[in-house]
>>> print(open('protein28.cif').read())   # mmCIF, N, CA and C atoms
data_model
loop_
_atom_site.group_PDB
_atom_site.id
_atom_site.type_symbol
_atom_site.label_atom_id
_atom_site.label_comp_id
_atom_site.auth_asym_id
_atom_site.auth_seq_id
_atom_site.Cartn_x
_atom_site.Cartn_y
_atom_site.Cartn_z
ATOM 1 N N MET A 1 9.286 30.180 -13.320
ATOM 2 C CA MET A 1 7.917 30.229 -13.767
ATOM 3 C C MET A 1 6.939 30.090 -12.599
ATOM 4 N N LYS A 2 7.258 29.231 -11.633
ATOM 5 C CA LYS A 2 6.336 29.015 -10.522
ATOM 6 C C LYS A 2 6.134 30.279 -9.702
ATOM 7 N N ASP A 3 7.193 31.080 -9.531
ATOM 8 C CA ASP A 3 7.043 32.338 -8.794
ATOM 9 C C ASP A 3 6.132 33.295 -9.546
ATOM 10 N N THR A 4 6.267 33.333 -10.869
ATOM 11 C CA THR A 4 5.400 34.178 -11.688
ATOM 12 C C THR A 4 3.959 33.708 -11.585
ATOM 13 N N LEU A 5 3.740 32.399 -11.613
ATOM 14 C CA LEU A 5 2.385 31.858 -11.486
ATOM 15 C C LEU A 5 1.777 32.202 -10.129
ATOM 16 N N ARG A 6 2.584 32.207 -9.090
ATOM 17 C CA ARG A 6 2.075 32.534 -7.749
ATOM 18 C C ARG A 6 1.491 33.946 -7.704
ATOM 19 N N GLU A 7 1.975 34.828 -8.557
ATOM 20 C CA GLU A 7 1.433 36.187 -8.622
ATOM 21 C C GLU A 7 -0.015 36.196 -9.116
ATOM 22 N N LEU A 8 -0.442 35.107 -9.745
ATOM 23 C CA LEU A 8 -1.804 35.007 -10.274
ATOM 24 C C LEU A 8 -2.786 34.354 -9.300
ATOM 25 N N ILE A 9 -2.328 33.971 -8.116
ATOM 26 C CA ILE A 9 -3.204 33.327 -7.140
ATOM 27 C C ILE A 9 -4.377 34.260 -6.824
ATOM 28 N N GLY A 10 -5.573 33.678 -6.864
ATOM 29 C CA GLY A 10 -6.791 34.426 -6.612
ATOM 30 C C GLY A 10 -7.464 34.971 -7.859
ATOM 31 N N ARG A 11 -6.762 34.896 -8.986
ATOM 32 C CA ARG A 11 -7.315 35.415 -10.242
ATOM 33 C C ARG A 11 -7.845 34.271 -11.104
ATOM 34 N N GLU A 12 -8.805 34.591 -11.982
ATOM 35 C CA GLU A 12 -9.285 33.612 -12.952
ATOM 36 C C GLU A 12 -8.250 33.494 -14.062
ATOM 37 N N ILE A 13 -7.903 32.247 -14.400
ATOM 38 C CA ILE A 13 -6.883 32.007 -15.416
ATOM 39 C C ILE A 13 -7.381 31.000 -16.447
ATOM 40 N N VAL A 14 -6.706 31.000 -17.580
ATOM 41 C CA VAL A 14 -6.926 30.020 -18.645
ATOM 42 C C VAL A 14 -5.681 29.156 -18.697
ATOM 43 N N VAL A 15 -5.855 27.845 -18.611
ATOM 44 C CA VAL A 15 -4.736 26.907 -18.685
ATOM 45 C C VAL A 15 -4.901 26.075 -19.955
ATOM 46 N N ASP A 16 -3.979 26.269 -20.898
ATOM 47 C CA ASP A 16 -3.957 25.467 -22.123
ATOM 48 C C ASP A 16 -3.019 24.292 -21.904
ATOM 49 N N THR A 17 -3.425 23.127 -22.412
ATOM 50 C CA THR A 17 -2.609 21.923 -22.242
ATOM 51 C C THR A 17 -2.217 21.336 -23.593
ATOM 52 N N ARG A 18 -1.356 20.349 -23.563
ATOM 53 C CA ARG A 18 -0.919 19.655 -24.784
ATOM 54 C C ARG A 18 -2.022 18.788 -25.376
ATOM 55 N N SER A 19 -3.072 18.621 -24.643
ATOM 56 C CA SER A 19 -4.196 17.785 -25.076
ATOM 57 C C SER A 19 -5.366 18.684 -25.477
ATOM 58 N N PRO A 20 -6.492 18.112 -25.861
ATOM 59 C CA PRO A 20 -7.674 18.923 -26.169
ATOM 60 C C PRO A 20 -8.300 19.571 -24.925
ATOM 61 N N TRP A 21 -7.837 19.191 -23.746
ATOM 62 C CA TRP A 21 -8.399 19.702 -22.505
ATOM 63 C C TRP A 21 -7.868 21.087 -22.177
ATOM 64 N N MET A 22 -8.768 21.946 -21.699
ATOM 65 C CA MET A 22 -8.375 23.256 -21.196
ATOM 66 C C MET A 22 -9.150 23.523 -19.914
ATOM 67 N N TYR A 23 -8.617 24.430 -19.116
ATOM 68 C CA TYR A 23 -9.185 24.711 -17.801
ATOM 69 C C TYR A 23 -9.302 26.219 -17.622
ATOM 70 N N ILE A 24 -10.461 26.657 -17.158
ATOM 71 C CA ILE A 24 -10.669 28.069 -16.836
ATOM 72 C C ILE A 24 -11.187 28.113 -15.408
ATOM 73 N N GLY A 25 -10.424 28.734 -14.526
ATOM 74 C CA GLY A 25 -10.837 28.791 -13.132
ATOM 75 C C GLY A 25 -9.941 29.710 -12.324
ATOM 76 N N ARG A 26 -10.216 29.779 -11.044
ATOM 77 C CA ARG A 26 -9.459 30.641 -10.144
ATOM 78 C C ARG A 26 -8.260 29.880 -9.582
ATOM 79 N N LEU A 27 -7.082 30.435 -9.761
ATOM 80 C CA LEU A 27 -5.868 29.782 -9.259
ATOM 81 C C LEU A 27 -5.827 29.869 -7.746
ATOM 82 N N GLN A 28 -5.743 28.706 -7.109
ATOM 83 C CA GLN A 28 -5.695 28.620 -5.655
ATOM 84 C C GLN A 28 -4.270 28.457 -5.130
ATOM 85 N N GLU A 29 -3.519 27.585 -5.796
ATOM 86 C CA GLU A 29 -2.181 27.258 -5.289
ATOM 87 C C GLU A 29 -1.302 26.761 -6.420
ATOM 88 N N VAL A 30 0.006 26.986 -6.264
ATOM 89 C CA VAL A 30 1.004 26.482 -7.212
ATOM 90 C C VAL A 30 1.900 25.530 -6.439
ATOM 91 N N PHE A 31 1.933 24.280 -6.871
ATOM 92 C CA PHE A 31 2.777 23.268 -6.251
ATOM 93 C C PHE A 31 3.961 22.975 -7.162
ATOM 94 N N ALA A 32 4.864 22.137 -6.722
ATOM 95 C CA ALA A 32 6.056 21.799 -7.510
ATOM 96 C C ALA A 32 5.696 21.173 -8.853
ATOM 97 N N ASP A 33 4.613 20.390 -8.882
ATOM 98 C CA ASP A 33 4.282 19.669 -10.109
ATOM 99 C C ASP A 33 2.865 19.907 -10.618
ATOM 100 N N SER A 34 2.107 20.801 -9.954
ATOM 101 C CA SER A 34 0.722 21.003 -10.379
ATOM 102 C C SER A 34 0.191 22.372 -9.962
ATOM 103 N N LEU A 35 -0.956 22.696 -10.557
ATOM 104 C CA LEU A 35 -1.713 23.888 -10.192
ATOM 105 C C LEU A 35 -3.027 23.431 -9.584
ATOM 106 N N LEU A 36 -3.482 24.108 -8.550
ATOM 107 C CA LEU A 36 -4.797 23.833 -7.983
ATOM 108 C C LEU A 36 -5.711 24.984 -8.382
ATOM 109 N N LEU A 37 -6.792 24.637 -9.099
ATOM 110 C CA LEU A 37 -7.777 25.616 -9.523
ATOM 111 C C LEU A 37 -9.077 25.378 -8.779
ATOM 112 N N ALA A 38 -9.838 26.457 -8.546
ATOM 113 C CA ALA A 38 -11.148 26.360 -7.905
ATOM 114 C C ALA A 38 -12.203 26.917 -8.841
ATOM 115 N N ASP A 39 -13.435 26.437 -8.673
ATOM 116 C CA ASP A 39 -14.563 26.888 -9.499
ATOM 117 C C ASP A 39 -14.178 26.828 -10.975
ATOM 118 N N VAL A 40 -13.926 25.618 -11.435
ATOM 119 C CA VAL A 40 -13.263 25.378 -12.716
ATOM 120 C C VAL A 40 -14.229 24.911 -13.800
ATOM 121 N N ASP A 41 -14.045 25.476 -14.979
ATOM 122 C CA ASP A 41 -14.697 24.979 -16.189
ATOM 123 C C ASP A 41 -13.662 24.084 -16.873
ATOM 124 N N VAL A 42 -13.878 22.781 -16.804
ATOM 125 C CA VAL A 42 -13.013 21.811 -17.473
ATOM 126 C C VAL A 42 -13.647 21.534 -18.826
ATOM 127 N N HIS A 43 -12.893 21.773 -19.894
ATOM 128 C CA HIS A 43 -13.461 21.675 -21.237
ATOM 129 C C HIS A 43 -12.610 20.786 -22.131
ATOM 130 N N ASP A 44 -13.245 19.800 -22.752
ATOM 131 C CA ASP A 44 -12.600 18.917 -23.721
ATOM 132 C C ASP A 44 -13.005 19.396 -25.108
ATOM 133 N N SER A 45 -12.108 20.088 -25.792
ATOM 134 C CA SER A 45 -12.441 20.680 -27.090
ATOM 135 C C SER A 45 -12.643 19.638 -28.183
ATOM 136 N N SER A 46 -12.248 18.390 -27.936
ATOM 137 C CA SER A 46 -12.467 17.355 -28.945
ATOM 138 C C SER A 46 -13.936 16.927 -28.999
ATOM 139 N N GLU A 47 -14.716 17.321 -28.002
ATOM 140 C CA GLU A 47 -16.122 16.936 -27.950
ATOM 141 C C GLU A 47 -17.053 17.994 -28.526
ATOM 142 N N THR A 48 -16.492 19.110 -28.989
ATOM 143 C CA THR A 48 -17.323 20.169 -29.571
ATOM 144 C C THR A 48 -16.699 20.646 -30.873
ATOM 145 N N GLN A 49 -17.452 21.409 -31.614
ATOM 146 C CA GLN A 49 -16.917 21.986 -32.846
ATOM 147 C C GLN A 49 -16.402 23.402 -32.603
ATOM 148 N N LEU A 50 -16.519 23.866 -31.375
ATOM 149 C CA LEU A 50 -16.083 25.207 -31.023
ATOM 150 C C LEU A 50 -14.586 25.192 -30.709
ATOM 151 N N PRO A 51 -13.772 25.935 -31.470
ATOM 152 C CA PRO A 51 -12.329 25.969 -31.188
ATOM 153 C C PRO A 51 -12.054 26.522 -29.790
ATOM 154 N N LYS A 52 -10.915 26.169 -29.232
ATOM 155 C CA LYS A 52 -10.548 26.605 -27.884
ATOM 156 C C LYS A 52 -10.643 28.121 -27.731
ATOM 157 N N GLU A 53 -10.141 28.859 -28.694
ATOM 158 C CA GLU A 53 -10.144 30.321 -28.588
ATOM 159 C C GLU A 53 -11.553 30.885 -28.515
ATOM 160 N N ARG A 54 -12.468 30.334 -29.296
ATOM 161 C CA ARG A 54 -13.860 30.802 -29.259
ATOM 162 C C ARG A 54 -14.500 30.458 -27.914
ATOM 163 N N TYR A 55 -14.121 29.310 -27.365
ATOM 164 C CA TYR A 55 -14.643 28.907 -26.065
ATOM 165 C C TYR A 55 -14.182 29.884 -24.982
ATOM 166 N N VAL A 56 -12.920 30.273 -25.036
ATOM 167 C CA VAL A 56 -12.379 31.231 -24.065
ATOM 168 C C VAL A 56 -13.076 32.582 -24.215
ATOM 169 N N LEU A 57 -13.289 33.016 -25.445
ATOM 170 C CA LEU A 57 -13.992 34.276 -25.678
ATOM 171 C C LEU A 57 -15.405 34.229 -25.094
ATOM 172 N N ALA A 58 -16.063 33.105 -25.249
ATOM 173 C CA ALA A 58 -17.404 32.945 -24.683
ATOM 174 C C ALA A 58 -17.360 33.053 -23.157
ATOM 175 N N ALA A 59 -16.336 32.491 -22.538
ATOM 176 C CA ALA A 59 -16.183 32.577 -21.082
ATOM 177 C C ALA A 59 -15.977 34.024 -20.646
ATOM 178 N N CYS A 60 -15.270 34.790 -21.465
ATOM 179 C CA CYS A 60 -15.079 36.217 -21.160
ATOM 180 C C CYS A 60 -16.409 36.957 -21.197
ATOM 181 N N GLU A 61 -17.235 36.600 -22.152
ATOM 182 C CA GLU A 61 -18.510 37.288 -22.341
ATOM 183 C C GLU A 61 -19.567 36.880 -21.315
ATOM 184 N N THR A 62 -19.664 35.598 -21.031
ATOM 185 C CA THR A 62 -20.762 35.097 -20.192
ATOM 186 C C THR A 62 -20.333 34.692 -18.791
ATOM 187 N N GLY A 63 -19.033 34.695 -18.539
ATOM 188 C CA GLY A 63 -18.513 34.256 -17.250
ATOM 189 C C GLY A 63 -18.135 32.785 -17.282
ATOM 190 N N VAL A 64 -17.357 32.371 -16.316
ATOM 191 C CA VAL A 64 -16.895 30.986 -16.228
ATOM 192 C C VAL A 64 -18.046 30.106 -15.754
ATOM 193 N N LYS A 65 -18.305 29.054 -16.504
ATOM 194 C CA LYS A 65 -19.355 28.088 -16.160
ATOM 195 C C LYS A 65 -18.696 26.882 -15.485
ATOM 196 N N ALA A 66 -18.488 27.004 -14.187
ATOM 197 C CA ALA A 66 -17.771 25.966 -13.444
ATOM 198 C C ALA A 66 -18.535 24.648 -13.465
ATOM 199 N N ASN A 67 -17.788 23.563 -13.730
ATOM 200 C CA ASN A 67 -18.360 22.224 -13.638
ATOM 201 C C ASN A 67 -17.554 21.345 -12.671
ATOM 202 N N ARG A 68 -16.574 21.944 -11.993
ATOM 203 C CA ARG A 68 -15.800 21.277 -10.938
ATOM 204 C C ARG A 68 -15.533 22.301 -9.831
ATOM 205 N N ARG A 69 -15.596 21.844 -8.586
ATOM 206 C CA ARG A 69 -15.251 22.741 -7.469
ATOM 207 C C ARG A 69 -13.751 22.987 -7.424
ATOM 208 N N SER A 70 -12.982 21.943 -7.701
ATOM 209 C CA SER A 70 -11.525 22.094 -7.728
ATOM 210 C C SER A 70 -10.900 21.056 -8.656
ATOM 211 N N VAL A 71 -9.741 21.408 -9.183
ATOM 212 C CA VAL A 71 -9.014 20.532 -10.108
ATOM 213 C C VAL A 71 -7.520 20.762 -9.909
ATOM 214 N N TYR A 72 -6.765 19.665 -9.900
ATOM 215 C CA TYR A 72 -5.308 19.745 -9.956
ATOM 216 C C TYR A 72 -4.898 19.517 -11.401
ATOM 217 N N VAL A 73 -4.086 20.410 -11.937
ATOM 218 C CA VAL A 73 -3.606 20.293 -13.311
ATOM 219 C C VAL A 73 -2.099 20.064 -13.263
ATOM 220 N N SER A 74 -1.639 18.983 -13.883
ATOM 221 C CA SER A 74 -0.220 18.662 -13.914
ATOM 222 C C SER A 74 0.547 19.690 -14.741
ATOM 223 N N LEU A 75 1.583 20.281 -14.166
ATOM 224 C CA LEU A 75 2.388 21.263 -14.897
ATOM 225 C C LEU A 75 3.087 20.635 -16.094
ATOM 226 N N GLY A 76 3.282 19.324 -16.071
ATOM 227 C CA GLY A 76 3.903 18.637 -17.190
ATOM 228 C C GLY A 76 3.071 18.667 -18.458
ATOM 229 N N HIS A 77 1.774 18.944 -18.322
ATOM 230 C CA HIS A 77 0.868 18.985 -19.470
ATOM 231 C C HIS A 77 0.514 20.407 -19.897
ATOM 232 N N VAL A 78 0.957 21.388 -19.105
ATOM 233 C CA VAL A 78 0.591 22.778 -19.366
ATOM 234 C C VAL A 78 1.460 23.378 -20.463
ATOM 235 N N VAL A 79 0.798 24.020 -21.416
ATOM 236 C CA VAL A 79 1.491 24.727 -22.499
ATOM 237 C C VAL A 79 1.559 26.213 -22.183
ATOM 238 N N SER A 80 0.446 26.759 -21.678
ATOM 239 C CA SER A 80 0.437 28.180 -21.335
ATOM 240 C C SER A 80 -0.602 28.461 -20.264
ATOM 241 N N VAL A 81 -0.366 29.560 -19.554
ATOM 242 C CA VAL A 81 -1.283 30.054 -18.534
ATOM 243 C C VAL A 81 -1.414 31.551 -18.742
ATOM 244 N N SER A 82 -2.653 32.032 -18.731
ATOM 245 C CA SER A 82 -2.845 33.483 -18.845
ATOM 246 C C SER A 82 -4.053 33.898 -18.015
ATOM 247 N N PRO A 83 -4.034 35.117 -17.495
ATOM 248 C CA PRO A 83 -5.220 35.609 -16.804
ATOM 249 C C PRO A 83 -6.376 35.722 -17.780
ATOM 250 N N LEU A 84 -7.567 35.349 -17.360
ATOM 251 C CA LEU A 84 -8.734 35.458 -18.224
ATOM 252 C C LEU A 84 -8.945 36.916 -18.636
ATOM 253 N N ALA A 85 -8.628 37.842 -17.755
ATOM 254 C CA ALA A 85 -8.792 39.269 -18.057
ATOM 255 C C ALA A 85 -7.873 39.746 -19.188
ATOM 256 N N ASP A 86 -6.808 38.996 -19.470
ATOM 257 C CA ASP A 86 -5.867 39.379 -20.538
ATOM 258 C C ASP A 86 -6.259 38.859 -21.917
ATOM 259 N N VAL A 87 -7.352 38.095 -21.990
ATOM 260 C CA VAL A 87 -7.803 37.588 -23.288
ATOM 261 C C VAL A 87 -8.307 38.764 -24.111
ATOM 262 N N ILE A 88 -7.812 38.865 -25.331
ATOM 263 C CA ILE A 88 -8.198 39.948 -26.221
ATOM 264 C C ILE A 88 -9.458 39.552 -26.966
ATOM 265 N N ARG A 89 -10.471 40.371 -26.817
ATOM 266 C CA ARG A 89 -11.742 40.107 -27.496
ATOM 267 C C ARG A 89 -11.659 40.653 -28.911
ATOM 268 N N TYR A 90 -11.932 39.811 -29.876
ATOM 269 C CA TYR A 90 -11.885 40.235 -31.281
ATOM 270 C C TYR A 90 -13.189 39.962 -31.974
#
>>> encode(input="protein28.cif", output="structure tokens")
Amino acid sequence: MKDTLRELIGREIVVDTRSPWMYIGRLQEVFADSLLLADVDVHDSSETQLPKERYVLAACETGVKANRRSVYVSLGHVVSVSPLADVIRY
């Protein structure tokens, strides 16, 4: 999986986690136990009424609204990773 993730370096990605937290940002590096993202929108979906999927769709439409310059995300908490460009707009 880590080799596949390395192919996404430099691209904007969506990182879904086991928690209400999600991350949308540019993948900088893949480490043994974490991902380093840059220009990141860190979003806690428990603090809004907007479901995660609608939030991602909004990011596709309006662009990523970064609120962190960089973030390390533990791979142990990651459920899925996808390029933001692969999000299907419905």
>>> residues_near_point(input="protein28.cif", point="(-13.3, 20.1, -6.2)", cutoff="8 Å", atoms="all atoms listed in the file", output="NGL selection string")
:A and (37-40 or 67-72)
>>> select_by_dssp(input="protein28.cif", residues="chain A", states="strand (DSSP E)", output="PyMOL selection string")
chain A and resi 12-17+21-30+34-44+68-74+78-83
>>> closest_residue(input="protein28.cif", among="A:Glu29, A:Thr17, A:Leu57, A:His43", to="A:Ile88", atoms="only N, CA and C atoms")
A:Leu57
>>> resolve_selection(input="protein28.cif", expression="the PyMOL selection byres ((chain A and resi 13) around 8)", output="PyMOL selection string")
chain A and resi 8+10-12+14-16+23-27+81-85
>>> write_last_selection(input="protein28.cif", atoms="N, CA and C atoms", output="PDB file, keeping the file's coordinate frame")
ATOM      1  N   LEU A   8      -0.442  35.107  -9.745  1.00  0.00           N
ATOM      2  CA  LEU A   8      -1.804  35.007 -10.274  1.00  0.00           C
ATOM      3  C   LEU A   8      -2.786  34.354  -9.300  1.00  0.00           C
ATOM      4  N   GLY A  10      -5.573  33.678  -6.864  1.00  0.00           N
ATOM      5  CA  GLY A  10      -6.791  34.426  -6.612  1.00  0.00           C
ATOM      6  C   GLY A  10      -7.464  34.971  -7.859  1.00  0.00           C
ATOM      7  N   ARG A  11      -6.762  34.896  -8.986  1.00  0.00           N
ATOM      8  CA  ARG A  11      -7.315  35.415 -10.242  1.00  0.00           C
ATOM      9  C   ARG A  11      -7.845  34.271 -11.104  1.00  0.00           C
ATOM     10  N   GLU A  12      -8.805  34.591 -11.982  1.00  0.00           N
ATOM     11  CA  GLU A  12      -9.285  33.612 -12.952  1.00  0.00           C
ATOM     12  C   GLU A  12      -8.250  33.494 -14.062  1.00  0.00           C
ATOM     13  N   VAL A  14      -6.706  31.000 -17.580  1.00  0.00           N
ATOM     14  CA  VAL A  14      -6.926  30.020 -18.645  1.00  0.00           C
ATOM     15  C   VAL A  14      -5.681  29.156 -18.697  1.00  0.00           C
ATOM     16  N   VAL A  15      -5.855  27.845 -18.611  1.00  0.00           N
ATOM     17  CA  VAL A  15      -4.736  26.907 -18.685  1.00  0.00           C
ATOM     18  C   VAL A  15      -4.901  26.075 -19.955  1.00  0.00           C
ATOM     19  N   ASP A  16      -3.979  26.269 -20.898  1.00  0.00           N
ATOM     20  CA  ASP A  16      -3.957  25.467 -22.123  1.00  0.00           C
ATOM     21  C   ASP A  16      -3.019  24.292 -21.904  1.00  0.00           C
ATOM     22  N   TYR A  23      -8.617  24.430 -19.116  1.00  0.00           N
ATOM     23  CA  TYR A  23      -9.185  24.711 -17.801  1.00  0.00           C
ATOM     24  C   TYR A  23      -9.302  26.219 -17.622  1.00  0.00           C
ATOM     25  N   ILE A  24     -10.461  26.657 -17.158  1.00  0.00           N
ATOM     26  CA  ILE A  24     -10.669  28.069 -16.836  1.00  0.00           C
ATOM     27  C   ILE A  24     -11.187  28.113 -15.408  1.00  0.00           C
ATOM     28  N   GLY A  25     -10.424  28.734 -14.526  1.00  0.00           N
ATOM     29  CA  GLY A  25     -10.837  28.791 -13.132  1.00  0.00           C
ATOM     30  C   GLY A  25      -9.941  29.710 -12.324  1.00  0.00           C
ATOM     31  N   ARG A  26     -10.216  29.779 -11.044  1.00  0.00           N
ATOM     32  CA  ARG A  26      -9.459  30.641 -10.144  1.00  0.00           C
ATOM     33  C   ARG A  26      -8.260  29.880  -9.582  1.00  0.00           C
ATOM     34  N   LEU A  27      -7.082  30.435  -9.761  1.00  0.00           N
ATOM     35  CA  LEU A  27      -5.868  29.782  -9.259  1.00  0.00           C
ATOM     36  C   LEU A  27      -5.827  29.869  -7.746  1.00  0.00           C
ATOM     37  N   VAL A  81      -0.366  29.560 -19.554  1.00  0.00           N
ATOM     38  CA  VAL A  81      -1.283  30.054 -18.534  1.00  0.00           C
ATOM     39  C   VAL A  81      -1.414  31.551 -18.742  1.00  0.00           C
ATOM     40  N   SER A  82      -2.653  32.032 -18.731  1.00  0.00           N
ATOM     41  CA  SER A  82      -2.845  33.483 -18.845  1.00  0.00           C
ATOM     42  C   SER A  82      -4.053  33.898 -18.015  1.00  0.00           C
ATOM     43  N   PRO A  83      -4.034  35.117 -17.495  1.00  0.00           N
ATOM     44  CA  PRO A  83      -5.220  35.609 -16.804  1.00  0.00           C
ATOM     45  C   PRO A  83      -6.376  35.722 -17.780  1.00  0.00           C
ATOM     46  N   LEU A  84      -7.567  35.349 -17.360  1.00  0.00           N
ATOM     47  CA  LEU A  84      -8.734  35.458 -18.224  1.00  0.00           C
ATOM     48  C   LEU A  84      -8.945  36.916 -18.636  1.00  0.00           C
ATOM     49  N   ALA A  85      -8.628  37.842 -17.755  1.00  0.00           N
ATOM     50  CA  ALA A  85      -8.792  39.269 -18.057  1.00  0.00           C
ATOM     51  C   ALA A  85      -7.873  39.746 -19.188  1.00  0.00           C
TER      52      ALA A  85
END
>>> atom_distance(input="protein28.cif", atom1="atom N of A:Leu35", atom2="atom C of A:Ser19")
16.1 Å
>>> closest_residue(input="protein28.cif", among="A:Lys2, A:Thr48, A:Arg54, A:Val42", to="A:Val30", atoms="only N, CA and C atoms")
A:Lys2
>>> atom_distance(input="protein28.cif", atom1="atom CA of A:Pro20", atom2="atom CA of A:Thr4")
24.8 Å
>>> closest_residue(input="protein28.cif", among="A:Leu75, A:Trp21, A:Gln28, A:Ala66", to="A:Asp41", atoms="all atoms listed in the file")
A:Ala66
>>> atom_distance(input="protein28.cif", atom1="atom CA of A:Ile9", atom2="atom N of A:Leu36")
9.3 Å
>>> residues_around(input="protein28.cif", residues="A:Arg18", least_positions_apart="4", cutoff="6 Å", atoms="only N, CA and C atoms", output="ChimeraX atom specification")
/A:77-79
>>> select_by_dssp(input="protein28.cif", residues="chain A", states="alpha helix (DSSP H)", output="list in words")
Lys2, Asp3, Thr4, Leu5, Arg6, Lys52, Glu53, Arg54, Tyr55, Val56, Leu57, Ala58, Ala59, Cys60, Glu61 and Thr62 of chain A
>>> build_atoms(input="protein28.cif", residues="stretch 12-27 of chain A", atoms="N, CA, C and O atoms", output="PDB file, in the frame of the given file")
ATOM      1  N   GLU A  12      -8.805  34.591 -11.982  1.00  0.00           N
ATOM      2  CA  GLU A  12      -9.285  33.612 -12.952  1.00  0.00           C
ATOM      3  C   GLU A  12      -8.250  33.494 -14.062  1.00  0.00           C
ATOM      4  O   GLU A  12      -7.768  34.514 -14.585  1.00  0.00           O
ATOM      5  N   ILE A  13      -7.903  32.247 -14.400  1.00  0.00           N
ATOM      6  CA  ILE A  13      -6.883  32.007 -15.416  1.00  0.00           C
ATOM      7  C   ILE A  13      -7.381  31.000 -16.447  1.00  0.00           C
ATOM      8  O   ILE A  13      -8.324  30.250 -16.196  1.00  0.00           O
ATOM      9  N   VAL A  14      -6.706  31.000 -17.580  1.00  0.00           N
ATOM     10  CA  VAL A  14      -6.926  30.020 -18.645  1.00  0.00           C
ATOM     11  C   VAL A  14      -5.681  29.156 -18.697  1.00  0.00           C
ATOM     12  O   VAL A  14      -4.568  29.679 -18.805  1.00  0.00           O
ATOM     13  N   VAL A  15      -5.855  27.845 -18.611  1.00  0.00           N
ATOM     14  CA  VAL A  15      -4.736  26.907 -18.685  1.00  0.00           C
ATOM     15  C   VAL A  15      -4.901  26.075 -19.955  1.00  0.00           C
ATOM     16  O   VAL A  15      -5.856  25.314 -20.086  1.00  0.00           O
ATOM     17  N   ASP A  16      -3.979  26.269 -20.898  1.00  0.00           N
ATOM     18  CA  ASP A  16      -3.957  25.467 -22.123  1.00  0.00           C
ATOM     19  C   ASP A  16      -3.019  24.292 -21.904  1.00  0.00           C
ATOM     20  O   ASP A  16      -1.956  24.436 -21.299  1.00  0.00           O
ATOM     21  N   THR A  17      -3.425  23.127 -22.412  1.00  0.00           N
ATOM     22  CA  THR A  17      -2.609  21.923 -22.242  1.00  0.00           C
ATOM     23  C   THR A  17      -2.217  21.336 -23.593  1.00  0.00           C
ATOM     24  O   THR A  17      -2.710  21.765 -24.631  1.00  0.00           O
ATOM     25  N   ARG A  18      -1.356  20.349 -23.563  1.00  0.00           N
ATOM     26  CA  ARG A  18      -0.919  19.655 -24.784  1.00  0.00           C
ATOM     27  C   ARG A  18      -2.022  18.788 -25.376  1.00  0.00           C
ATOM     28  O   ARG A  18      -1.881  18.274 -26.462  1.00  0.00           O
ATOM     29  N   SER A  19      -3.072  18.621 -24.643  1.00  0.00           N
ATOM     30  CA  SER A  19      -4.196  17.785 -25.076  1.00  0.00           C
ATOM     31  C   SER A  19      -5.366  18.684 -25.477  1.00  0.00           C
ATOM     32  O   SER A  19      -5.272  19.905 -25.385  1.00  0.00           O
ATOM     33  N   PRO A  20      -6.492  18.112 -25.861  1.00  0.00           N
ATOM     34  CA  PRO A  20      -7.674  18.923 -26.169  1.00  0.00           C
ATOM     35  C   PRO A  20      -8.300  19.571 -24.925  1.00  0.00           C
ATOM     36  O   PRO A  20      -9.177  20.398 -25.035  1.00  0.00           O
ATOM     37  N   TRP A  21      -7.837  19.191 -23.746  1.00  0.00           N
ATOM     38  CA  TRP A  21      -8.399  19.702 -22.505  1.00  0.00           C
ATOM     39  C   TRP A  21      -7.868  21.087 -22.177  1.00  0.00           C
ATOM     40  O   TRP A  21      -6.684  21.374 -22.360  1.00  0.00           O
ATOM     41  N   MET A  22      -8.768  21.946 -21.699  1.00  0.00           N
ATOM     42  CA  MET A  22      -8.375  23.256 -21.196  1.00  0.00           C
ATOM     43  C   MET A  22      -9.150  23.523 -19.914  1.00  0.00           C
ATOM     44  O   MET A  22     -10.192  22.894 -19.660  1.00  0.00           O
ATOM     45  N   TYR A  23      -8.617  24.430 -19.116  1.00  0.00           N
ATOM     46  CA  TYR A  23      -9.185  24.711 -17.801  1.00  0.00           C
ATOM     47  C   TYR A  23      -9.302  26.219 -17.622  1.00  0.00           C
ATOM     48  O   TYR A  23      -8.361  26.952 -17.902  1.00  0.00           O
ATOM     49  N   ILE A  24     -10.461  26.657 -17.158  1.00  0.00           N
ATOM     50  CA  ILE A  24     -10.669  28.069 -16.836  1.00  0.00           C
ATOM     51  C   ILE A  24     -11.187  28.113 -15.408  1.00  0.00           C
ATOM     52  O   ILE A  24     -12.238  27.542 -15.102  1.00  0.00           O
ATOM     53  N   GLY A  25     -10.424  28.734 -14.526  1.00  0.00           N
ATOM     54  CA  GLY A  25     -10.837  28.791 -13.132  1.00  0.00           C
ATOM     55  C   GLY A  25      -9.941  29.710 -12.324  1.00  0.00           C
ATOM     56  O   GLY A  25      -9.012  30.320 -12.845  1.00  0.00           O
ATOM     57  N   ARG A  26     -10.216  29.779 -11.044  1.00  0.00           N
ATOM     58  CA  ARG A  26      -9.459  30.641 -10.144  1.00  0.00           C
ATOM     59  C   ARG A  26      -8.260  29.880  -9.582  1.00  0.00           C
ATOM     60  O   ARG A  26      -8.419  28.809  -8.993  1.00  0.00           O
ATOM     61  N   LEU A  27      -7.082  30.435  -9.761  1.00  0.00           N
ATOM     62  CA  LEU A  27      -5.868  29.782  -9.259  1.00  0.00           C
ATOM     63  C   LEU A  27      -5.827  29.869  -7.746  1.00  0.00           C
ATOM     64  O   LEU A  27      -5.893  30.961  -7.170  1.00  0.00           O
TER      65      LEU A  27
END
